[in-house]
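Source file: input-v3.cif. Holds: mmCIF, C-alpha atoms.
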data_upload
loop_
_atom_site.group_PDB
_atom_site.id
_atom_site.type_symbol
_atom_site.label_atom_id
_atom_site.label_comp_id
_atom_site.auth_asym_id
_atom_site.auth_seq_id
_atom_site.Cartn_x
_atom_site.Cartn_y
_atom_site.Cartn_z
ATOM 1 C CA MET J 1 16.711 24.042 124.695
ATOM 2 C CA ASN J 2 13.110 22.818 124.766
ATOM 3 C CA ASN J 3 11.631 25.988 123.356
ATOM 4 C CA THR J 4 8.373 25.105 121.601
ATOM 5 C CA ASP J 5 7.638 28.606 120.315
ATOM 6 C CA PRO J 6 7.587 28.876 116.522
ATOM 7 C CA VAL J 7 10.380 30.721 114.835
ATOM 8 C CA SER J 8 9.558 34.393 114.482
ATOM 9 C CA GLY J 9 7.802 35.106 111.214
ATOM 10 C CA TYR J 10 6.059 31.717 111.046
ATOM 11 C CA GLN J 11 2.474 31.070 111.962
ATOM 12 C CA SER J 12 1.822 28.526 114.677
ATOM 13 C CA TYR J 13 -0.314 25.536 113.742
ATOM 14 C CA ASP J 14 -2.790 25.798 116.592
ATOM 15 C CA GLN J 15 -4.235 29.109 115.367
ATOM 16 C CA PRO J 16 -6.035 29.644 112.064
ATOM 17 C CA PRO J 17 -4.891 32.644 110.046
ATOM 18 C CA THR J 18 -6.844 35.781 110.776
ATOM 19 C CA PRO J 19 -9.022 37.209 108.002
ATOM 20 C CA GLY J 20 -7.025 39.587 105.842
ATOM 21 C CA SER J 21 -3.681 38.150 106.926
ATOM 22 C CA PRO J 22 -0.956 37.550 104.323
ATOM 23 C CA ALA J 23 -1.071 33.791 104.971
ATOM 24 C CA ARG J 24 -4.793 33.671 104.226
ATOM 25 C CA LYS J 25 -4.369 35.733 101.047
ATOM 26 C CA GLN J 26 -1.550 33.453 99.932
ATOM 27 C CA ALA J 27 -3.663 30.355 100.577
ATOM 28 C CA THR J 28 -6.516 31.841 98.536
ATOM 29 C CA ALA J 29 -4.142 32.700 95.695
ATOM 30 C CA ARG J 30 -2.825 29.135 95.690
ATOM 31 C CA ARG J 31 -6.351 27.721 95.514
ATOM 32 C CA VAL J 32 -7.222 29.982 92.592
ATOM 33 C CA ALA J 33 -3.946 29.026 90.892
ATOM 34 C CA LEU J 34 -4.735 25.335 91.367
ATOM 35 C CA ALA J 35 -8.231 25.810 89.921
ATOM 36 C CA THR J 36 -6.771 27.695 86.948
ATOM 37 C CA CYS J 37 -4.245 24.917 86.278
ATOM 38 C CA THR J 38 -6.945 22.284 86.578
ATOM 39 C CA ILE J 39 -9.254 24.026 84.103
ATOM 40 C CA ALA J 40 -6.410 24.518 81.615
ATOM 41 C CA ASP J 41 -5.326 20.880 81.992
ATOM 42 C CA VAL J 42 -8.853 19.553 81.478
ATOM 43 C CA ALA J 43 -9.328 21.719 78.373
ATOM 44 C CA ALA J 44 -6.003 20.608 76.900
ATOM 45 C CA GLY J 45 -6.750 17.009 77.866
ATOM 46 C CA LEU J 46 -10.072 17.019 76.022
ATOM 47 C CA LEU J 47 -8.417 18.483 72.931
ATOM 48 C CA GLY J 48 -5.613 15.935 73.096
ATOM 49 C CA LEU J 49 -8.094 13.109 73.618
ATOM 50 C CA TRP J 50 -10.019 14.158 70.515
ATOM 51 C CA ILE J 51 -6.786 14.169 68.487
ATOM 52 C CA VAL J 52 -5.993 10.638 69.673
ATOM 53 C CA LEU J 53 -9.545 9.400 69.031
ATOM 54 C CA TYR J 54 -9.487 10.894 65.534
ATOM 55 C CA LEU J 55 -6.090 9.444 64.674
ATOM 56 C CA LEU J 56 -7.186 6.014 65.915
ATOM 57 C CA ASP J 57 -10.353 6.293 63.788
ATOM 58 C CA ALA J 58 -12.755 5.985 66.724
ATOM 59 C CA ASN J 59 -16.439 5.259 66.081
ATOM 60 C CA GLN J 60 -18.032 8.682 65.469
ATOM 61 C CA GLY J 61 -21.446 7.315 66.496
ATOM 62 C CA ASN J 62 -20.308 6.447 70.021
ATOM 63 C CA PRO J 63 -21.775 8.856 72.629
ATOM 64 C CA PHE J 64 -18.427 9.282 74.401
ATOM 65 C CA VAL J 65 -16.640 10.093 71.136
ATOM 66 C CA GLU J 66 -19.444 12.500 70.208
ATOM 67 C CA PHE J 67 -19.113 14.224 73.593
ATOM 68 C CA VAL J 68 -15.329 14.580 73.301
ATOM 69 C CA HIS J 69 -15.640 15.839 69.718
ATOM 70 C CA GLY J 70 -18.310 18.376 70.708
ATOM 71 C CA MET J 71 -16.250 19.671 73.611
ATOM 72 C CA ALA J 72 -13.118 19.836 71.449
ATOM 73 C CA ASP J 73 -15.020 21.779 68.780
ATOM 74 C CA TRP J 74 -16.333 24.186 71.396
ATOM 75 C CA LEU J 75 -12.901 24.677 73.028
ATOM 76 C CA SER J 76 -11.135 25.207 69.724
ATOM 77 C CA GLY J 77 -13.870 27.157 67.953
ATOM 78 C CA TRP J 78 -11.693 30.253 67.807
ATOM 79 C CA ALA J 79 -8.892 28.311 66.090
ATOM 80 C CA GLN J 80 -10.841 26.273 63.558
ATOM 81 C CA ASP J 81 -9.291 26.139 60.104
ATOM 82 C CA ILE J 82 -6.202 28.166 60.970
ATOM 83 C CA PHE J 83 -4.285 25.449 59.153
ATOM 84 C CA THR J 84 -5.756 24.116 55.911
ATOM 85 C CA MET J 85 -3.657 21.115 55.009
ATOM 86 C CA ASP J 86 -4.382 18.537 52.345
ATOM 87 C CA THR J 87 -3.833 15.736 54.843
ATOM 88 C CA GLU J 88 -6.894 15.554 57.086
ATOM 89 C CA SER J 89 -5.081 13.999 60.061
ATOM 90 C CA LEU J 90 -2.392 16.709 60.030
ATOM 91 C CA ARG J 91 -5.092 19.378 59.858
ATOM 92 C CA VAL J 92 -6.846 17.904 62.931
ATOM 93 C CA VAL J 93 -3.575 17.649 64.878
ATOM 94 C CA LEU J 94 -2.647 21.264 64.148
ATOM 95 C CA ASN J 95 -6.114 22.838 64.515
ATOM 96 C CA TYR J 96 -6.804 21.099 67.830
ATOM 97 C CA GLY J 97 -3.220 20.894 69.089
ATOM 98 C CA LEU J 98 -2.538 24.617 68.879
ATOM 99 C CA PRO J 99 -5.441 25.556 71.197
ATOM 100 C CA ALA J 100 -4.369 22.798 73.619
ATOM 101 C CA VAL J 101 -0.852 24.223 73.836
ATOM 102 C CA ILE J 102 -2.171 27.781 74.186
ATOM 103 C CA TYR J 103 -4.557 26.759 76.989
ATOM 104 C CA LEU J 104 -1.686 25.085 78.822
ATOM 105 C CA LEU J 105 0.670 28.052 78.406
ATOM 106 C CA ILE J 106 -1.874 30.669 79.434
ATOM 107 C CA GLY J 107 -3.384 28.636 82.286
ATOM 108 C CA HIS J 108 -0.066 27.687 83.831
ATOM 109 C CA GLY J 109 1.311 31.186 83.258
ATOM 110 C CA ILE J 110 -1.587 32.725 85.143
ATOM 111 C CA ALA J 111 -1.197 30.144 87.924
ATOM 112 C CA ALA J 112 2.522 30.865 88.232
ATOM 113 C CA ARG J 113 1.782 34.584 88.458
ATOM 114 C CA LEU J 114 -0.826 33.974 91.173
ATOM 115 C CA ASN J 115 1.574 31.791 93.165
ATOM 116 C CA ARG J 116 4.209 34.539 93.111
ATOM 117 C CA ALA J 117 1.781 37.142 94.443
#

I'd like the structure from this file rewritten - as structure tokens, please.
Amino acid sequence: MNNTDPVSGYQSYDQPPTPGSPARKQATARRVALATCTIADVAAGLLGLWIVLYLLDANQGNPFVEFVHGMADWLSGWAQDIFTMDTESLRVVLNYGLPAVIYLLIGHGIAARLNRA
């Protein structure tokens, strides 16, 4: 019972997948899915970081805070002033939080779809 052959249907480890093989296509799809998740996570992270910096009243003159605010404005440009609340902090949380949640849902949804393919 010392059979070292791989189980039928599995690729052996000593041979790389051939171009065009299903294993290679699946590996490519997983890499694209990982990149999609990473981009969505970074976008949502920047938006969430800006919300936290705003709520903690960070120094607006600091270069790092300016960078995060600029990126958050750019990422949420399509959703600016959807909510017009009287409370400024609630307005910032909603107007930057909604795009963060949408980026996460869409990015991870696309990645899940790619992983199933």

Exactly which residues make up the result of the PyMOL selection byres ((chain J and resi 36) around 8) on this file, given as an NGL selection string? :J and (32-35 or 37-40 or 107-108 or 110-111)

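The two atoms in question, CA of Ile82 in chain J and CA of Gly61 in chain J, are spaced 26.4 Å apart.
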
I want to know what sits within 10 Å of Val65 in chain J, based on all atoms listed in the file, with residues of the same chain fewer than 4 positions away left out; could you give that as a PyMOL selection string? chain J and resi 49-50+53-54+58-61+69-71

Output of the above residues as a PDB file, in the frame of the given file, restricted to C-alpha atoms:
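part-v7.pdb, written as the output of this step:
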ATOM      1  CA  LEU J  49      -8.094  13.109  73.618  1.00  0.00           C
ATOM      2  CA  TRP J  50     -10.019  14.158  70.515  1.00  0.00           C
ATOM      3  CA  LEU J  53      -9.545   9.400  69.031  1.00  0.00           C
ATOM      4  CA  TYR J  54      -9.487  10.894  65.534  1.00  0.00           C
ATOM      5  CA  ALA J  58     -12.755   5.985  66.724  1.00  0.00           C
ATOM      6  CA  ASN J  59     -16.439   5.259  66.081  1.00  0.00           C
ATOM      7  CA  GLN J  60     -18.032   8.682  65.469  1.00  0.00           C
ATOM      8  CA  GLY J  61     -21.446   7.315  66.496  1.00  0.00           C
ATOM      9  CA  HIS J  69     -15.640  15.839  69.718  1.00  0.00           C
ATOM     10  CA  GLY J  70     -18.310  18.376  70.708  1.00  0.00           C
ATOM     11  CA  MET J  71     -16.250  19.671  73.611  1.00  0.00           C
TER      12      MET J  71
END

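CA of Asn115 in chain J sits 7.6 Å away from CA of Gln26 in chain J.
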
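Note that CA of Asp57 in chain J and CA of Leu105 in chain J are 28.4 Å apart.
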
Decode the PyMOL selection byres ((chain J and resi 90-92) around 10) for the given file into explicit residues and return them as an NGL selection string. :J and (50-52 or 54-55 or 80-89 or 93-98)

Using C-alpha atoms, can you export the residues from the last selection as a CSV table (one decimal), keeping the file's coordinate frame?
chain,number,residue,atom,x,y,z
J,50,TRP,CA,-10.0,14.2,70.5
J,51,ILE,CA,-6.8,14.2,68.5
J,52,VAL,CA,-6.0,10.6,69.7
J,54,TYR,CA,-9.5,10.9,65.5
J,55,LEU,CA,-6.1,9.4,64.7
J,80,GLN,CA,-10.8,26.3,63.6
J,81,ASP,CA,-9.3,26.1,60.1
J,82,ILE,CA,-6.2,28.2,61.0
J,83,PHE,CA,-4.3,25.4,59.2
J,84,THR,CA,-5.8,24.1,55.9
J,85,MET,CA,-3.7,21.1,55.0
J,86,ASP,CA,-4.4,18.5,52.3
J,87,THR,CA,-3.8,15.7,54.8
J,88,GLU,CA,-6.9,15.6,57.1
J,89,SER,CA,-5.1,14.0,60.1
J,93,VAL,CA,-3.6,17.6,64.9
J,94,LEU,CA,-2.6,21.3,64.1
J,95,ASN,CA,-6.1,22.8,64.5
J,96,TYR,CA,-6.8,21.1,67.8
J,97,GLY,CA,-3.2,20.9,69.1
J,98,LEU,CA,-2.5,24.6,68.9

Kindly extract all protein, DNA and RNA residues lying within 8 Å of the coordinates (-12.9, 20.3, 77.1) given in the file, considering only C-alpha atoms, and supply them as a ChimeraX atom specification. /J:42-47,68,71-72,74-75

What would the file look like if the residues just selected were written as an mmCIF file, in the frame of the given file with C-alpha atoms?
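Listing of out.cif after writing:
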data_model
loop_
_atom_site.group_PDB
_atom_site.id
_atom_site.type_symbol
_atom_site.label_atom_id
_atom_site.label_comp_id
_atom_site.auth_asym_id
_atom_site.auth_seq_id
_atom_site.Cartn_x
_atom_site.Cartn_y
_atom_site.Cartn_z
ATOM 1 C CA VAL J 42 -8.853 19.553 81.478
ATOM 2 C CA ALA J 43 -9.328 21.719 78.373
ATOM 3 C CA ALA J 44 -6.003 20.608 76.900
ATOM 4 C CA GLY J 45 -6.750 17.009 77.866
ATOM 5 C CA LEU J 46 -10.072 17.019 76.022
ATOM 6 C CA LEU J 47 -8.417 18.483 72.931
ATOM 7 C CA VAL J 68 -15.329 14.580 73.301
ATOM 8 C CA MET J 71 -16.250 19.671 73.611
ATOM 9 C CA ALA J 72 -13.118 19.836 71.449
ATOM 10 C CA TRP J 74 -16.333 24.186 71.396
ATOM 11 C CA LEU J 75 -12.901 24.677 73.028
#

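Comparing J:Ala29, J:Ala79, J:Leu114, J:Ala23 by their smallest distance to Pro99 in chain J, the closest is J:Ala79 (using all atoms listed in the file).
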
So for range 36-47 of chain J, what box centre and size do we get, axis-aligned, 3 Å extra on each of the six sides, every listed atom, Å to one decimal, as AutoDock Vina command-line options?
--center_x -7.2 --center_y 22.4 --center_z 79.9 --size_x 11.8 --size_y 16.7 --size_z 20.0
